[in-house]
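Enquirer: Structure in structure tokens, see below.
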There are 6 protein chains.
Amino acid sequence: VSNVRSNRVIVTGVPRPPIEQLDELAGFGVATVHEALGRDGYLGPELRPIQQDTRIAGSVVTALVWPGDNLMVHAAVEQCAPGDVLVVAPTSPCTDGYFGELLATSLAAYGVRGLIIDAGVRDTAELREMGFPVWSRHVSAQGTVKATAGAVNVPIVVGGQTVYPGSAILADDDGVVTVPQRDLPRAIEASRAREESEQATREALAAGELGLDRYNLRAVLKELKVEYLTYEQYLESERAHE
Amino acid sequence: VSNVRSNRVIVTGVPRPPIEQLDELAGFGVATVHEALGRDGYLGPELRPIQQDTRIAGSVVTALVWPGDNLMVHAAVEQCAPGDVLVVAPTSPCTDGYFGELLATSLAAYGVRGLIIDAGVRDTAELREMGFPVWSRHVSAQGTVKATAGAVNVPIVVGGQTVYPGSAILADDDGVVTVPQRDLPRAIEASRAREESEQATREALAAGELGLDRYNLRAVLKELKVEYLTYEQYLESERAHE
Amino acid sequence: VSNVRSNRVIVTGVPRPPIEQLDELAGFGVATVHEALGRDGYLGPELRPIQQDTRIAGSVVTALVWPGDNLMVHAAVEQCAPGDVLVVAPTSPCTDGYFGELLATSLAAYGVRGLIIDAGVRDTAELREMGFPVWSRHVSAQGTVKATAGAVNVPIVVGGQTVYPGSAILADDDGVVTVPQRDLPRAIEASRAREESEQATREALAAGELGLDRYNLRAVLKELKVEYLTYEQYLESERAHE
Amino acid sequence: VSNVRSNRVIVTGVPRPPIEQLDELAGFGVATVHEALGRDGYLGPELRPIQQDTRIAGSVVTALVWPGDNLMVHAAVEQCAPGDVLVVAPTSPCTDGYFGELLATSLAAYGVRGLIIDAGVRDTAELREMGFPVWSRHVSAQGTVKATAGAVNVPIVVGGQTVYPGSAILADDDGVVTVPQRDLPRAIEASRAREESEQATREALAAGELGLDRYNLRAVLKELKVEYLTYEQYLESERAHE
Amino acid sequence: VSNVRSNRVIVTGVPRPPIEQLDELAGFGVATVHEALGRDGYLGPELRPIQQDTRIAGSVVTALVWPGDNLMVHAAVEQCAPGDVLVVAPTSPCTDGYFGELLATSLAAYGVRGLIIDAGVRDTAELREMGFPVWSRHVSAQGTVKATAGAVNVPIVVGGQTVYPGSAILADDDGVVTVPQRDLPRAIEASRAREESEQATREALAAGELGLDRYNLRAVLKELKVEYLTYEQYLESERAHE
Amino acid sequence: VSNVRSNRVIVTGVPRPPIEQLDELAGFGVATVHEALGRDGYLGPELRPIQQDTRIAGSVVTALVWPGDNLMVHAAVEQCAPGDVLVVAPTSPCTDGYFGELLATSLAAYGVRGLIIDAGVRDTAELREMGFPVWSRHVSAQGTVKATAGAVNVPIVVGGQTVYPGSAILADDDGVVTVPQRDLPRAIEASRAREESEQATREALAAGELGLDRYNLRAVLKELKVEYLTYEQYLESERAHE
């Protein structure tokens with residue numbers, strides 16, 4: 001076994017979080033969990049769902065692929081188990097359609113819950129029809145080859161976040177957030193607490209209380225020397241200014 | 001009161017257009033009103049709706065915010081009234097999710113009709129579900145802080161247009177257009193006239209009349225020396241050329 | 001007739017493929033046909049549909065337009081016939097809304113099946129409602145003028161592909177692919193063959209066979225010296241590495 | 001005279017700031033003046049110089065142009081006077097080369113100090129050779145036509161800022177900042193003060209004083225609950241975490 | 001020989017234009033030749049030189065490459081002859097560094113004048129030092145593999161233009177323009193004529209004549225109903241408007 | 001000490017590689033080291049130098065900053081030592097100018113060799129003049145505040161790579177590559193070996209040997225079924241095809 005960081009390994013037997021925890025996680029939105037984690041783990045605004053109103057949570061299997069080459073996606077399928085979500089990143093930016101309905105059929109046969117890919121996907125109509133959820137950076141019919149090595153189940157970077165195999169991952173219409181396995185119980189607990197406190201806030205706001213008061217922001221504005229001007233005062237100051 | 005252009009003011013009591021005019025404006029599409037205004041006021045192709053088939057019109061309340069900081073969005077809520085639309089711009093490009101379902105709940109409690117934001121929004125599924133319409137440049141779960149000053153109800157720039165507080169604003173699937181308060185009656189009138197003239201054009205085109213004839217474009221083509229070639233003539237000229 | 005490559009011609013009487021072949025082509029997805037053609041002809045990931053779950057095939061009529069100017073779109077309408085698809089490209093990148101519901105009405109009156117435009121489109125809600133399908137690079141309410149010459153039915157470039165008048169074109173949720181007229185029978189045949197072979201693959205994958213085995217990729221991995229490591233071996237090698 | 005906001009006007013006789021003030025302004029960097037103005041007026045990171053190590057200041061003449069059309073640039077030349085800087089913005093994004101060495105020759109004949117263009121420029125080697133400075137968003141050899149109306153000396157938007165005719169403008173390797181005419185004396189004074197205070201800071205920092213101490217940031221870090229950990233403590237906490 | 005459009009061919013013995021014509025072409029700027037050709041053939045603003053103040057002209061050899069794979073660049077070297085310029089395009093967008101100092105050494109040994117690549121290049125400091133000029137879309141140290149087929153000397157698309165093997169190509173600080181072999185004499189002649197007429201214009205403009213007069217644009221402005229307003233009239237109309 | 005992944009820590013006393021190793025590393029180009037590492041560690045094509053022909057190597061100190069807020073850059077200065085390179089990443093994309101000549105003065109006082117920032121920098125002319133090298137994603141005069149927490153010396157992500165404090169980093173005109181501390185001796189050794197083997201290759205290529213032969217690529221082309229056609233054969237096959 002080499003002790004150099006390798007781009008040519010397939011790591012087997014990655015430990016997963018308990019399925020029940022993943023299912024609990026799926027009860028919360030991406031924004032909620034991201035906040036509950038101290039605003040960590042969000043995979044950025046470039047990954048967009050090809051479907052609407054779908055949320056999944058699962059355990060991460062990663063594939064690191066060469067531009068225009070999906071060999072390692074096929075290698076990754078074998079490492080997938082029920083409850084997993086496959087997360088794919090190219091070594092350089094690539095728009096190609098690495099993944100379509102056949103690969104989804106294969107993943108579905110192994111109980112995989114969805115795909116997150118920092119590149120392109122195709123057969124989007126078919127994927128929606130078969131109910132296989134995908135978050136991707138591009139949609140592209142352009143196919144790929146199977147000729148160049150990469151890696152499976154090594155840490156990969158997507159959207160400015162390092163994503164680890166065996167971490168939990170959650171995706172919905174707001175994007176994707178990754179939760180380290182060890183933080184998962186705390187993330188669930190903190191998300192539940194956040195939802196409860198948000199419910200009180202929601203009711204207060206719906207009743208007309210202002211965030212300015214509820215979050216004590218008037219003091220912040222004052223400290224920052226933000227002035228209140230009437231429209232007339234403002235016009236006058238602008239006229240002086242022009 | 002300072003007479004320097006200030007990034008640290010909250011302007012109160014901005015006069016609004018009559019609600020009835022806003023409601024009339026909502027009867028026309030963004031493209032129609034943009035044309036009726038002499039092709040002015042369009043906020044550009046980067047602002048996209050998070051929902052489909054929704055159109056709103058309202059009176060503009062603006063918030064100028066720091067990257068990654070939604071303090072002034074909270075300050076803006078207090079300045080909102082029924083019929084308003086909140087328009088938010090960051091001082092530098094930012095993808096963060098400045099706004100979610102709680103702020104929407106608060107705005108809805110004050111009768112605000114929607115949000116236009118030249119940055120990110122989150123809780124998009126929840127926003128669609130509660131029927132609070134949003135046009136944004138990004139969708140992002142990434143949260144913001146409340147630590148840096150900005151302004152409320154000063155002119156801001158979105159998509160190459162200066163947007164003024166108290167102006168009318170109209171948004172649908174084609175994007176967003178802003179209408180100066182004083183031009184609002186004329187914009188409505190001109191839009192109505194345009195719709196009527198378009199109806200006649202629509203019928204003529206549906207009956208097979210060509211735009212070339214209806215808009216007198218054959219003369220333009222001739223003046224520009226555009227030639228008609230048969231396919232055979234064209235092939236021949238190309239063969240000569242290659 | 002000039003023998004210089006001309007940007008100022010309108011070519012008439014371009015021969016089309018038989019309508020029945022176009023209708024057959026419409027029975028296959030863009031990704032399938034792109035593969036069947038040896039991965040040629042895809043117009044890239046930037047052209048996105050304004051509607052979902054729609055597929056069209058037709059014969060190409062092209063328009064080459066100046067930025068912000070749709071004069072040649074009007075000139076192109078006259079050259080359209082039932083079964084055609086209009087394909088528009090600007091001479092420089094442009095986001096403007098070259099095309100809306102009135103032009104769609106006109107094209108529909110001539111039996112045109114849809115629009116592919118490497119620029120902006122507007123009236124998107126109305127276009128969806130009237131069932132006129134569009135693939136575009138942008139959505140923009142910004143209107144255009146009719147003042148500058150261009151060309152109709154000359155080869156144009158969209159998304160890194162040269163698109164020829166009279167070629168077949170196919171568009172669905174994955175984007176757009178163009179098929180040379182002469183290759184059309186072969187493309188249909190190869191697509192049908194591909195679909196059949198994919199059906200067998202689909203069943204095998206659904207039954208749990210791996211792509212690794214089905215496509216003989218284990219040999220490729222081995223030749224590329226991709227190693228299998230257990231999670232424990234991997235951790236150990238990484239620890240040595242850090 | 002129409003009282004509708006017009007895209008078809010050429011405004012003459014715009015009052016300028018005194019040349020001496022512009023020359024004083026040119027003694028400060030863009031970043032300095034931007035700070036001195038309370039961080040207002042910066043035209044954003046997309047405008048880049050075609051030359052290096054050049055700084056100019058002048059009085060703004062604006063041109064609002066159609067995509068692919070430089071008619072109004074020609075109209076603007078006549079409105080230019082010694083000490084002016086021409087600022088050009090298209091009504092929609094455009095990469096075309098609106099301006100080259102001939103127009104620079106013409107502007108130079110009228111004492112114009114440079115060009116700021118939110119679109120493309122060409123003849124860049126010649127422009128550098130003749131010493132005519134340009135800041136642009138693109139470099140492109142693609143030429144433009146002269147067929148569509150626009151405006152001269154109306155306010156235009158560049159990089160998220162509204163730029164007014166007769167304002168001062170300053171450009172160097174960091175980009176471009178605009179200074180309202182009335183604020184110009186204050187901007188110069190504040191820039192000078194800033195430079196002086198920066199000199200003291202520079203010496204202190206060069207001598208090893210930390211910004212943490214000089215700007216009293218240790219208190220801020222403490223209030224924000226930022227913790228100091230030794231490398232060993234950090235590794236331990238991470239190990240607990242993974 | 002297959003009669004399907006092939007992505008897997010290397011075309012040998014492409015006829016070149018006479019070297020003397022290429023050398024003459026190199027006497028004109030890209031913008032001049034682009035104009036002389038009727039504004040055709042420009043490869044767009046995304047291709048930027050890695051050096052400054054260099055201009056080359058040559059005969060095109062093309063390579064069509066897979067993302068992240070430079071196999072066909074090596075195949076193309078063998079097809080190069082003195083006076084050639086290698087033009088490389090990937091089948092999908094790719095930022096990788098396909099080309100560096102070793103390949104430049106090889107090309108230089110065969111008399112090749114430079115590289116145009118719609119992807120990435122590396123060893124830029126070394127390339128400048130050895131005087132091998134390059135225009136590229138990206139600079140990237142990321143290396144490529146040699147595993148997937150492509151083509152040499154087939155037409156390729158770069159920047160919205162189809163580039164043919166054996167065409168002339170010209171590159172300078174404004175970008176790249178391609179000239180069909182047959183048009184080359186005319187392009188040279190028209191460029192020379194243009195330069196001469198520009199010299200007269202240059203002198204007139206330097207003497208203070210306005211483009212408005214020289215190009216008869218006052219009539220155009222009048223026809224377009226562009227109004228002249230004094231600054232005072234304009235302010236008044238705006239005040240009425242606000 | 002918390003065992004949650006913290007965005008609010010400053011890690012002190014990070015072990016560095018020996019200065020001599022860093023100096024040795026600086027003897028090789030980024031592309032060479034990237035290759036020597038098995039094509040790992042490259043920070044992507046978006047980080048560009050503000051100067052030309054400069055190469056630095058150093059030990060990484062990281063700062064994770066909030067958009068528009070450089071508080072943690074100041075905190076990072078205190079953690080810097082001679083031979084270090086500061087690497088800064090924002091939590092969300094940001095173009096602002098986090099860093100200028102004063103901060104460079106401070107870093108230089110502590111022996112820091114340069115800055116890598118995945119955001120904006122300003123005072124670029126002054127930085128070049130004082131010889132402080134910078135690689136950045138943007139140049140922007142827009143200033144930042146000092147109000148929001150981040151981290152110093154935690155792993156950060158730049159350009160799809162995780163960058164660790166105490167790793168080596170190398171930057172030149174081709175971009176930036178990071179080398180894990182432990183791999184540094186091997187990276188130096190492999191780079192030296194690569195340079196030696198490249199010298200032999202360089203001489204062979206300069207003497208006219210083809211890469212096709214030297215790298216045994218004719219076999220690859222054959223296996224991939226790439227055909228050689230004469231120009232006449234190709235034309236004929238295309239004519240059959242059109």
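Residues are named by chain letter and number: chains run A, B, ... in the order of the structure tokens, numbers start at 1 in each chain, and ligands are numbered from 1 in the order shown.
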Using only C-alpha atoms, I'd like a table of the residues in range 126-190 of chain C that come within 8 Å of range 122-145 of chain A; for each, show the closest atom pair and its distance in Å rounded to one decimal, ordered by chain and ascending number, as CSV.
Expert:
residue,atom,partner,partner_atom,distance
C:Asp173,CA,A:Ala125,CA,6.2
C:Asp174,CA,A:Ala141,CA,5.5
C:Gly175,CA,A:Ala141,CA,6.8
Enquirer: Would you output that residue set with all heavy atoms, as a CSV table (one decimal), in the first residue's frame?
Expert:
chain,number,residue,atom,x,y,z
C,173,ASP,N,-35.6,17.8,-22.8
C,173,ASP,CA,-35.1,18.3,-21.5
C,173,ASP,C,-33.6,18.3,-21.4
C,173,ASP,O,-33.0,19.0,-20.5
C,173,ASP,CB,-35.8,17.6,-20.3
C,173,ASP,CG,-37.3,17.9,-20.2
C,173,ASP,OD1,-37.8,18.7,-21.1
C,173,ASP,OD2,-37.9,17.5,-19.3
C,174,ASP,N,-32.9,17.5,-22.2
C,174,ASP,CA,-31.5,17.4,-22.1
C,174,ASP,C,-30.8,18.4,-23.0
C,174,ASP,O,-29.5,18.4,-23.0
C,174,ASP,CB,-31.0,16.0,-22.4
C,174,ASP,CG,-31.3,15.0,-21.3
C,174,ASP,OD1,-31.7,15.4,-20.2
C,174,ASP,OD2,-31.3,13.7,-21.6
C,175,GLY,N,-31.5,19.1,-23.8
C,175,GLY,CA,-30.9,20.0,-24.7
C,175,GLY,C,-31.2,19.7,-26.2
C,175,GLY,O,-32.3,19.3,-26.5
Enquirer: For chain F against chain B, with a cut-off of 12 Å and counting only C-alpha atoms, what is the closest atom pair and its distance in Å to one decimal for every residue that makes the cut, ordered by chain and number, as JSON lines?
Expert:
{"residue": "F:Val65", "atom": "CA", "partner": "B:Gly68", "partner_atom": "CA", "distance": 10.9}
{"residue": "F:Trp66", "atom": "CA", "partner": "B:Gly68", "partner_atom": "CA", "distance": 7.2}
{"residue": "F:Pro67", "atom": "CA", "partner": "B:Pro67", "partner_atom": "CA", "distance": 5.5}
{"residue": "F:Gly68", "atom": "CA", "partner": "B:Pro67", "partner_atom": "CA", "distance": 5.6}
{"residue": "F:Asp69", "atom": "CA", "partner": "B:Pro67", "partner_atom": "CA", "distance": 8.6}
{"residue": "F:Pro90", "atom": "CA", "partner": "B:Gly68", "partner_atom": "CA", "distance": 10.4}
{"residue": "F:Thr91", "atom": "CA", "partner": "B:Gln142", "partner_atom": "CA", "distance": 9.0}
{"residue": "F:Ser92", "atom": "CA", "partner": "B:Asp96", "partner_atom": "CA", "distance": 7.0}
{"residue": "F:Pro93", "atom": "CA", "partner": "B:Cys94", "partner_atom": "CA", "distance": 6.6}
{"residue": "F:Cys94", "atom": "CA", "partner": "B:Cys94", "partner_atom": "CA", "distance": 6.3}
{"residue": "F:Thr95", "atom": "CA", "partner": "B:Pro93", "partner_atom": "CA", "distance": 7.0}
{"residue": "F:Asp96", "atom": "CA", "partner": "B:Ser92", "partner_atom": "CA", "distance": 7.0}
{"residue": "F:Gly97", "atom": "CA", "partner": "B:Ser92", "partner_atom": "CA", "distance": 10.4}
{"residue": "F:Ala119", "atom": "CA", "partner": "B:Pro93", "partner_atom": "CA", "distance": 11.5}
{"residue": "F:Gly120", "atom": "CA", "partner": "B:Ser92", "partner_atom": "CA", "distance": 11.1}
{"residue": "F:Ser140", "atom": "CA", "partner": "B:Ser92", "partner_atom": "CA", "distance": 10.1}
{"residue": "F:Ala141", "atom": "CA", "partner": "B:Ser92", "partner_atom": "CA", "distance": 11.1}
{"residue": "F:Gln142", "atom": "CA", "partner": "B:Ser92", "partner_atom": "CA", "distance": 8.0}
{"residue": "F:Gly143", "atom": "CA", "partner": "B:Ser92", "partner_atom": "CA", "distance": 10.0}
{"residue": "F:Thr144", "atom": "CA", "partner": "B:Trp66", "partner_atom": "CA", "distance": 9.4}
{"residue": "F:Val145", "atom": "CA", "partner": "B:Thr148", "partner_atom": "CA", "distance": 7.7}
{"residue": "F:Lys146", "atom": "CA", "partner": "B:Thr148", "partner_atom": "CA", "distance": 9.1}
{"residue": "F:Ala147", "atom": "CA", "partner": "B:Ala147", "partner_atom": "CA", "distance": 6.3}
{"residue": "F:Thr148", "atom": "CA", "partner": "B:Ala147", "partner_atom": "CA", "distance": 7.1}
{"residue": "F:Ala149", "atom": "CA", "partner": "B:Val145", "partner_atom": "CA", "distance": 10.0}
{"residue": "F:Leu235", "atom": "CA", "partner": "B:Glu242", "partner_atom": "CA", "distance": 11.9}
{"residue": "F:Glu242", "atom": "CA", "partner": "B:Leu235", "partner_atom": "CA", "distance": 11.9}
Enquirer: What's the separation between CA of Pro17 in chain F and CA of Asp40 in chain F, in Å to one decimal place?
Expert: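 A separation of 18.8 Å between them.
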Enquirer: According to DSSP computed on the backbone, where in range 46-141 of chain F is there strand (DSSP E or B)? Give the residues as a PyMOL selection string.
Expert: chain F and resi 48-49+56-65+69+84-90+97+114-121+134-139
Enquirer: Please list as an mmCIF file with C-alpha atoms, in the first residue's frame every residue within 9 Å of Ile10 in chain A, counting only C-alpha atoms and excluding residues in the same chain fewer than 2 positions away.
Expert:
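Listed below is the output, out_11.cif:
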data_model
loop_
_atom_site.group_PDB
_atom_site.id
_atom_site.type_symbol
_atom_site.label_atom_id
_atom_site.label_comp_id
_atom_site.auth_asym_id
_atom_site.auth_seq_id
_atom_site.Cartn_x
_atom_site.Cartn_y
_atom_site.Cartn_z
ATOM 1 C CA ARG A 8 -6.140 5.653 -8.020
ATOM 2 C CA THR A 12 -14.200 -0.470 0.413
ATOM 3 C CA ALA A 63 -16.348 9.189 -6.900
ATOM 4 C CA MET A 72 -15.135 5.628 -11.662
ATOM 5 C CA ALA A 75 -16.631 1.500 -9.994
ATOM 6 C CA ALA A 76 -18.531 3.411 -7.321
ATOM 7 C CA GLN A 79 -19.439 0.233 -3.289
ATOM 8 C CA GLY A 150 -9.861 8.194 -10.590
ATOM 9 C CA ALA A 151 -10.909 7.204 -7.098
ATOM 10 C CA VAL A 152 -13.859 5.920 -5.093
ATOM 11 C CA ASN A 153 -14.517 6.786 -1.474
ATOM 12 C CA VAL A 154 -11.726 9.288 -1.004
ATOM 13 C CA VAL C 226 -6.455 1.330 -9.643
ATOM 14 C CA GLU C 227 -6.042 -0.302 -6.233
ATOM 15 C CA TYR C 228 -8.711 -1.598 -3.886
ATOM 16 C CA LEU C 229 -8.078 -0.710 -0.253
ATOM 17 C CA THR C 230 -10.172 -1.468 2.774
#
Enquirer: May I have the residues within 7 Å of Val14 in chain F as a list in words, using only C-alpha atoms and disregarding those fewer than 3 positions away in the same chain?
Expert: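 What passes the distance filter is Tyr231 of chain D; Pro165 and Gly166 of chain F.
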Enquirer: List the spatial neighbours of range 111-113 of chain A as a PyMOL selection string - criterion: any atom at most 6 Å away, only C-alpha atoms, same-chain residues fewer than 6 positions off excluded.
Expert: chain A and resi 82-85
Enquirer: Any chance you could export the current selection's N, CA, C and O atoms as a compact mmCIF listing (two decimals), in the first residue's frame?
Expert:
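again21.txt, written as the output of this step:
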# COMPACT_ATOMS: atom_id res chain seq x y z
N PRO A 82 -27.83 0.18 0.40
CA PRO A 82 -29.10 0.89 0.66
C PRO A 82 -28.88 2.07 1.63
O PRO A 82 -28.19 1.94 2.64
N GLY A 83 -29.49 3.20 1.29
CA GLY A 83 -29.36 4.40 2.12
C GLY A 83 -28.24 5.31 1.68
O GLY A 83 -28.07 6.40 2.23
N ASP A 84 -27.46 4.88 0.70
CA ASP A 84 -26.35 5.72 0.25
C ASP A 84 -26.81 6.79 -0.75
O ASP A 84 -27.86 6.68 -1.38
N VAL A 85 -25.99 7.83 -0.85
CA VAL A 85 -26.13 8.84 -1.90
C VAL A 85 -24.76 8.94 -2.57
O VAL A 85 -23.74 9.08 -1.89
Enquirer: Using Å and a single decimal, report how far CA of Val9 in chain D sits from CA of Val33 in chain B.
Expert: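 For CA of Val33 in chain B relative to CA of Val9 in chain D, the distance reads 21.2 Å.
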Enquirer: Going by DSSP on the backbone, which bits of range 87-242 of chain A are alpha helix (DSSP H)? Write them as a PyMOL selection string, please.
Expert: chain A and resi 101-109+124-130+184-206+211-214+217-223+231-241
Enquirer: Show which residues sit within 9 Å of range 209-217 of chain F, as number ranges by chain. Count only C-alpha atoms, and ignore same-chain residues fewer than 2 positions away.
Expert: E: 71, 74-75, 77-78, 103, 106, 146; F: 201, 203-207, 219-222
Enquirer: Those same residues - C-alpha atoms - I'd like them written as an mmCIF file, in the first residue's frame.
Expert:
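Result saved to result-v2.cif:
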data_model
loop_
_atom_site.group_PDB
_atom_site.id
_atom_site.type_symbol
_atom_site.label_atom_id
_atom_site.label_comp_id
_atom_site.auth_asym_id
_atom_site.auth_seq_id
_atom_site.Cartn_x
_atom_site.Cartn_y
_atom_site.Cartn_z
ATOM 1 C CA LEU E 71 -3.480 12.696 -27.367
ATOM 2 C CA HIS E 74 0.592 14.942 -30.289
ATOM 3 C CA ALA E 75 -0.949 13.459 -33.412
ATOM 4 C CA VAL E 77 2.378 17.808 -34.467
ATOM 5 C CA GLU E 78 3.234 15.318 -37.180
ATOM 6 C CA LEU E 103 5.091 20.580 -27.022
ATOM 7 C CA SER E 106 8.406 20.136 -30.716
ATOM 8 C CA LYS E 146 -3.466 10.488 -23.661
ATOM 9 C CA THR F 201 12.865 14.837 -24.079
ATOM 10 C CA GLU F 203 16.500 17.773 -26.781
ATOM 11 C CA ALA F 204 14.904 14.925 -28.678
ATOM 12 C CA LEU F 205 11.868 16.993 -29.597
ATOM 13 C CA ALA F 206 14.040 19.944 -30.573
ATOM 14 C CA ALA F 207 15.885 17.514 -32.858
ATOM 15 C CA ALA F 219 -0.208 2.217 -30.758
ATOM 16 C CA VAL F 220 -2.794 4.130 -28.779
ATOM 17 C CA LEU F 221 -4.192 5.758 -31.900
ATOM 18 C CA LYS F 222 -4.386 2.397 -33.574
#
Enquirer: By how many Å are CA of Gly13 in chain D and CA of Val60 in chain D apart?
Expert: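 Taking CA of Gly13 in chain D and CA of Val60 in chain D, their separation equals 12.3 Å.
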Enquirer: Hey, what's within 8 Å of Glu198 in chain B if we count only C-alpha atoms and toss same-chain stuff fewer than 4 positions away? As a ChimeraX atom specification, please?
Expert: /B:194,202 /C:102
